[in-house]
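Containing PDB, C-alpha atoms: query18.pdb.
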ATOM      1  CA  MET X  17     101.267 120.195  79.248  1.00  0.00           C
ATOM      2  CA  GLU X  18      98.013 118.622  80.441  1.00  0.00           C
ATOM      3  CA  ILE X  19      97.836 114.831  80.590  1.00  0.00           C
ATOM      4  CA  ASN X  20      94.373 113.360  80.179  1.00  0.00           C
ATOM      5  CA  PRO X  21      94.375 109.540  80.424  1.00  0.00           C
ATOM      6  CA  ILE X  22      90.626 109.326  79.945  1.00  0.00           C
ATOM      7  CA  GLU X  23      90.903 110.627  76.379  1.00  0.00           C
ATOM      8  CA  GLY X  24      93.460 107.945  75.448  1.00  0.00           C
ATOM      9  CA  ALA X  25      96.533 110.149  75.808  1.00  0.00           C
ATOM     10  CA  ILE X  26      98.407 107.179  77.241  1.00  0.00           C
ATOM     11  CA  LYS X  27      98.256 105.417  73.873  1.00  0.00           C
ATOM     12  CA  ASN X  28      99.706 108.513  72.220  1.00  0.00           C
ATOM     13  CA  MET X  29     102.495 108.766  74.804  1.00  0.00           C
ATOM     14  CA  LEU X  30     103.521 105.128  74.441  1.00  0.00           C
ATOM     15  CA  PRO X  31     103.509 104.158  70.768  1.00  0.00           C
ATOM     16  CA  LEU X  32     106.352 101.680  71.319  1.00  0.00           C
ATOM     17  CA  TRP X  33     104.497  99.737  74.013  1.00  0.00           C
ATOM     18  CA  ASP X  34     102.512  96.778  72.823  1.00  0.00           C
ATOM     19  CA  ASN X  35      98.742  96.978  73.096  1.00  0.00           C
ATOM     20  CA  MET X  36      98.593  94.604  76.100  1.00  0.00           C
ATOM     21  CA  GLN X  37     100.861  96.782  78.263  1.00  0.00           C
ATOM     22  CA  THR X  38      98.981  99.919  77.266  1.00  0.00           C
ATOM     23  CA  LYS X  39      95.633  98.366  78.199  1.00  0.00           C
ATOM     24  CA  ASP X  40      96.988  97.088  81.538  1.00  0.00           C
ATOM     25  CA  PHE X  41      98.442 100.473  82.386  1.00  0.00           C
ATOM     26  CA  GLU X  42      95.262 102.252  81.344  1.00  0.00           C
ATOM     27  CA  ASN X  43      93.102  99.926  83.460  1.00  0.00           C
ATOM     28  CA  ILE X  44      95.277 100.363  86.561  1.00  0.00           C
ATOM     29  CA  LEU X  45      95.392 104.128  86.057  1.00  0.00           C
ATOM     30  CA  ASN X  46      91.622 104.391  85.608  1.00  0.00           C
ATOM     31  CA  LYS X  47      91.054 102.259  88.707  1.00  0.00           C
ATOM     32  CA  ALA X  48      93.357 104.498  90.772  1.00  0.00           C
ATOM     33  CA  MET X  49      91.534 107.584  89.474  1.00  0.00           C
ATOM     34  CA  GLU X  50      88.090 106.109  90.222  1.00  0.00           C
ATOM     35  CA  GLU X  51      89.090 105.045  93.735  1.00  0.00           C
ATOM     36  CA  ARG X  52      90.772 108.403  94.329  1.00  0.00           C
ATOM     37  CA  ASP X  53      93.770 106.517  95.711  1.00  0.00           C
ATOM     38  CA  LYS X  54      96.795 108.808  95.534  1.00  0.00           C
ATOM     39  CA  ASN X  55      99.226 106.091  96.688  1.00  0.00           C
ATOM     40  CA  LYS X  56      98.100 103.759  93.909  1.00  0.00           C
ATOM     41  CA  LEU X  57      98.298 106.651  91.446  1.00  0.00           C
ATOM     42  CA  MET X  58     101.911 107.340  92.451  1.00  0.00           C
ATOM     43  CA  GLU X  59     102.785 103.656  92.007  1.00  0.00           C
ATOM     44  CA  VAL X  60     101.265 103.689  88.519  1.00  0.00           C
ATOM     45  CA  CYS X  61     103.264 106.804  87.673  1.00  0.00           C
ATOM     46  CA  LYS X  62     106.451 105.070  88.864  1.00  0.00           C
ATOM     47  CA  GLN X  63     105.595 102.053  86.691  1.00  0.00           C
ATOM     48  CA  LEU X  64     105.226 104.348  83.695  1.00  0.00           C
ATOM     49  CA  GLU X  65     108.550 106.027  84.476  1.00  0.00           C
ATOM     50  CA  ALA X  66     110.241 102.620  84.841  1.00  0.00           C
ATOM     51  CA  SER X  67     108.862 101.511  81.472  1.00  0.00           C
ATOM     52  CA  PHE X  68     110.111 104.707  79.854  1.00  0.00           C
ATOM     53  CA  ILE X  69     113.585 104.341  81.405  1.00  0.00           C
ATOM     54  CA  SER X  70     113.746 100.673  80.370  1.00  0.00           C
ATOM     55  CA  LEU X  71     112.844 101.564  76.799  1.00  0.00           C
ATOM     56  CA  MET X  72     115.448 104.326  76.803  1.00  0.00           C
ATOM     57  CA  LEU X  73     118.186 102.006  78.135  1.00  0.00           C
ATOM     58  CA  LYS X  74     117.383  99.321  75.559  1.00  0.00           C
ATOM     59  CA  GLU X  75     117.511 101.850  72.729  1.00  0.00           C
ATOM     60  CA  MET X  76     120.814 103.211  74.054  1.00  0.00           C
ATOM     61  CA  LYS X  77     122.256  99.677  74.108  1.00  0.00           C
ATOM     62  CA  LYS X  78     121.678  99.417  70.369  1.00  0.00           C
ATOM     63  CA  THR X  79     124.348 102.102  69.867  1.00  0.00           C
ATOM     64  CA  ILE X  80     127.041 100.063  71.662  1.00  0.00           C
ATOM     65  CA  PRO X  81     129.191  97.843  69.413  1.00  0.00           C
ATOM     66  CA  GLU X  82     129.005  94.070  69.873  1.00  0.00           C
ATOM     67  CA  ASP X  83     131.223  92.696  72.625  1.00  0.00           C
ATOM     68  CA  PRO X  84     133.829  90.435  70.975  1.00  0.00           C
ATOM     69  CA  LEU X  85     134.074  88.271  74.101  1.00  0.00           C
ATOM     70  CA  THR X  86     130.390  87.409  74.550  1.00  0.00           C
ATOM     71  CA  GLY X  87     128.962  88.380  71.169  1.00  0.00           C
ATOM     72  CA  ASN X  88     125.265  88.738  70.516  1.00  0.00           C
ATOM     73  CA  ASN X  89     123.189  85.701  71.357  1.00  0.00           C
ATOM     74  CA  LEU X  90     119.731  85.025  72.733  1.00  0.00           C
ATOM     75  CA  ALA X  91     120.907  84.355  76.302  1.00  0.00           C
ATOM     76  CA  ASN X  92     122.865  87.597  76.394  1.00  0.00           C
ATOM     77  CA  ASP X  93     119.912  89.528  74.969  1.00  0.00           C
ATOM     78  CA  ILE X  94     117.515  88.083  77.546  1.00  0.00           C
ATOM     79  CA  PHE X  95     119.909  88.772  80.413  1.00  0.00           C
ATOM     80  CA  THR X  96     120.580  92.383  79.405  1.00  0.00           C
ATOM     81  CA  SER X  97     116.875  93.003  78.803  1.00  0.00           C
ATOM     82  CA  MET X  98     116.022  91.744  82.304  1.00  0.00           C
ATOM     83  CA  LEU X  99     118.956  93.669  83.780  1.00  0.00           C
ATOM     84  CA  TYR X 100     117.827  96.923  82.148  1.00  0.00           C
ATOM     85  CA  ASP X 101     114.264  96.354  83.364  1.00  0.00           C
ATOM     86  CA  LYS X 102     115.582  96.003  86.924  1.00  0.00           C
ATOM     87  CA  TYR X 103     117.821  99.075  86.543  1.00  0.00           C
ATOM     88  CA  ALA X 104     114.820 101.038  85.287  1.00  0.00           C
ATOM     89  CA  GLU X 105     112.666  99.880  88.204  1.00  0.00           C
ATOM     90  CA  LEU X 106     115.345 100.925  90.715  1.00  0.00           C
ATOM     91  CA  MET X 107     115.862 104.290  89.013  1.00  0.00           C
ATOM     92  CA  ALA X 108     112.123 104.999  89.021  1.00  0.00           C
ATOM     93  CA  GLN X 109     111.768 104.020  92.688  1.00  0.00           C
ATOM     94  CA  SER X 110     114.659 106.294  93.684  1.00  0.00           C
ATOM     95  CA  GLY X 111     112.993 109.270  91.974  1.00  0.00           C
ATOM     96  CA  GLY X 112     116.156 110.384  90.209  1.00  0.00           C
ATOM     97  CA  PHE X 113     114.478 111.172  86.903  1.00  0.00           C
ATOM     98  CA  GLY X 114     111.429 112.923  88.336  1.00  0.00           C
ATOM     99  CA  LEU X 115     109.157 111.886  85.486  1.00  0.00           C
ATOM    100  CA  ALA X 116     106.786 109.977  87.804  1.00  0.00           C
ATOM    101  CA  GLU X 117     106.461 113.001  90.063  1.00  0.00           C
ATOM    102  CA  GLU X 118     105.591 115.290  87.152  1.00  0.00           C
ATOM    103  CA  ILE X 119     102.998 112.858  85.801  1.00  0.00           C
ATOM    104  CA  TYR X 120     101.585 112.432  89.308  1.00  0.00           C
ATOM    105  CA  ASN X 121     101.312 116.210  89.751  1.00  0.00           C
ATOM    106  CA  GLN X 122      99.302 116.457  86.536  1.00  0.00           C
ATOM    107  CA  LEU X 123      97.041 113.487  87.243  1.00  0.00           C
ATOM    108  CA  SER X 124      96.470 114.175  90.936  1.00  0.00           C
ATOM    109  CA  LYS X 125      94.576 117.333  90.001  1.00  0.00           C
ATOM    110  CA  LYS X 126      91.847 115.029  88.674  1.00  0.00           C
ATOM    111  CA  VAL X 127      91.740 112.815  91.783  1.00  0.00           C
TER
END

Go ahead and render the structure in this file as structure tokens.
Amino acid sequence: MEINPIEGAIKNMLPLWDNMQTKDFENILNKAMEERDKNKLMEVCKQLEASFISLMLKEMKKTIPEDPLTGNNLANDIFTSMLYDKYAELMAQSGGFGLAEEIYNQLSKKV
């Protein structure tokens, strides 16, 4: 599968992201491609992987029944959302999923 960020493929890959995040990611990715900076490109790929993992974890949480001890409240939702974001960031940095590496391999051909 060929990934072409210039043609707006990022928007098609991330329909659940809000428009602001998509634009930010697209701008950073385009800047890395223009500067031909492979380190910056890898960081952007890791950010994308972290966002994907975070989204996946949050969707998985929806399948878990409510905890009778803590229940569902705003504070709990905020805490778990931030916790899952941090988990996702750590997972992406460790390279366990390998999604960032695959995206990088596709995009680095254009750098």

May I have the residues within 10 Å of region 109-113 of chain X as a PDB file with C-alpha atoms, in the frame of the given file, using all atoms listed in the file and disregarding those fewer than 6 positions away in the same chain?
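Writing done, so here's out-v6.pdb:
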ATOM      1  CA  GLU X  59     102.785 103.656  92.007  1.00  0.00           C
ATOM      2  CA  LYS X  62     106.451 105.070  88.864  1.00  0.00           C
ATOM      3  CA  GLN X  63     105.595 102.053  86.691  1.00  0.00           C
ATOM      4  CA  GLU X  65     108.550 106.027  84.476  1.00  0.00           C
ATOM      5  CA  ALA X  66     110.241 102.620  84.841  1.00  0.00           C
ATOM      6  CA  ILE X  69     113.585 104.341  81.405  1.00  0.00           C
ATOM      7  CA  TYR X 103     117.821  99.075  86.543  1.00  0.00           C
TER       8      TYR X 103
END

Problem set entry | Among the residues X:Leu71, X:Leu85, X:Leu64, X:Met58, the one that comes closest to Met98 (chain X) [using all atoms listed in the file] | X:Leu71

For this session: Pick out the residues sitting within 10 Å of Cys61 (chain X), and hand them over as a PyMOL selection string; count all atoms listed in the file, and ignore anything fewer than 2 positions along from it in its own chain.
Result: chain X and resi 41+45+55-59+63-67+108+115-121+123

Residues from the last selection, C-alpha atoms, saved as an mmCIF file, in the frame of the given file:
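Full text of selection39.cif as output:
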data_model
loop_
_atom_site.group_PDB
_atom_site.id
_atom_site.type_symbol
_atom_site.label_atom_id
_atom_site.label_comp_id
_atom_site.auth_asym_id
_atom_site.auth_seq_id
_atom_site.Cartn_x
_atom_site.Cartn_y
_atom_site.Cartn_z
ATOM 1 C CA PHE X 41 98.442 100.473 82.386
ATOM 2 C CA LEU X 45 95.392 104.128 86.057
ATOM 3 C CA ASN X 55 99.226 106.091 96.688
ATOM 4 C CA LYS X 56 98.100 103.759 93.909
ATOM 5 C CA LEU X 57 98.298 106.651 91.446
ATOM 6 C CA MET X 58 101.911 107.340 92.451
ATOM 7 C CA GLU X 59 102.785 103.656 92.007
ATOM 8 C CA GLN X 63 105.595 102.053 86.691
ATOM 9 C CA LEU X 64 105.226 104.348 83.695
ATOM 10 C CA GLU X 65 108.550 106.027 84.476
ATOM 11 C CA ALA X 66 110.241 102.620 84.841
ATOM 12 C CA SER X 67 108.862 101.511 81.472
ATOM 13 C CA ALA X 108 112.123 104.999 89.021
ATOM 14 C CA LEU X 115 109.157 111.886 85.486
ATOM 15 C CA ALA X 116 106.786 109.977 87.804
ATOM 16 C CA GLU X 117 106.461 113.001 90.063
ATOM 17 C CA GLU X 118 105.591 115.290 87.152
ATOM 18 C CA ILE X 119 102.998 112.858 85.801
ATOM 19 C CA TYR X 120 101.585 112.432 89.308
ATOM 20 C CA ASN X 121 101.312 116.210 89.751
ATOM 21 C CA LEU X 123 97.041 113.487 87.243
#

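Between Lys77 (chain X) and the residues X:Ser97, X:Asn46, X:Val60, X:Asp53, the shortest atom-to-atom distance, using all atoms listed in the file, involves X:Ser97.
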
Exercise. In Å, how far is it from CA of Thr96 (chain X) to CA of Thr79 (chain X)?
Worked result: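 CA of Thr79 (chain X) lies at a distance of 14.1 Å from CA of Thr96 (chain X).
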
Problem set entry | Best match for closeness to Ala104 (chain X) among X:Asn43, X:Gln122, X:Ser70, X:Asn89, counting only C-alpha atoms |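 Nearest candidate to Ala104 (chain X) out of X:Asn43, X:Gln122, X:Ser70, X:Asn89: X:Ser70.
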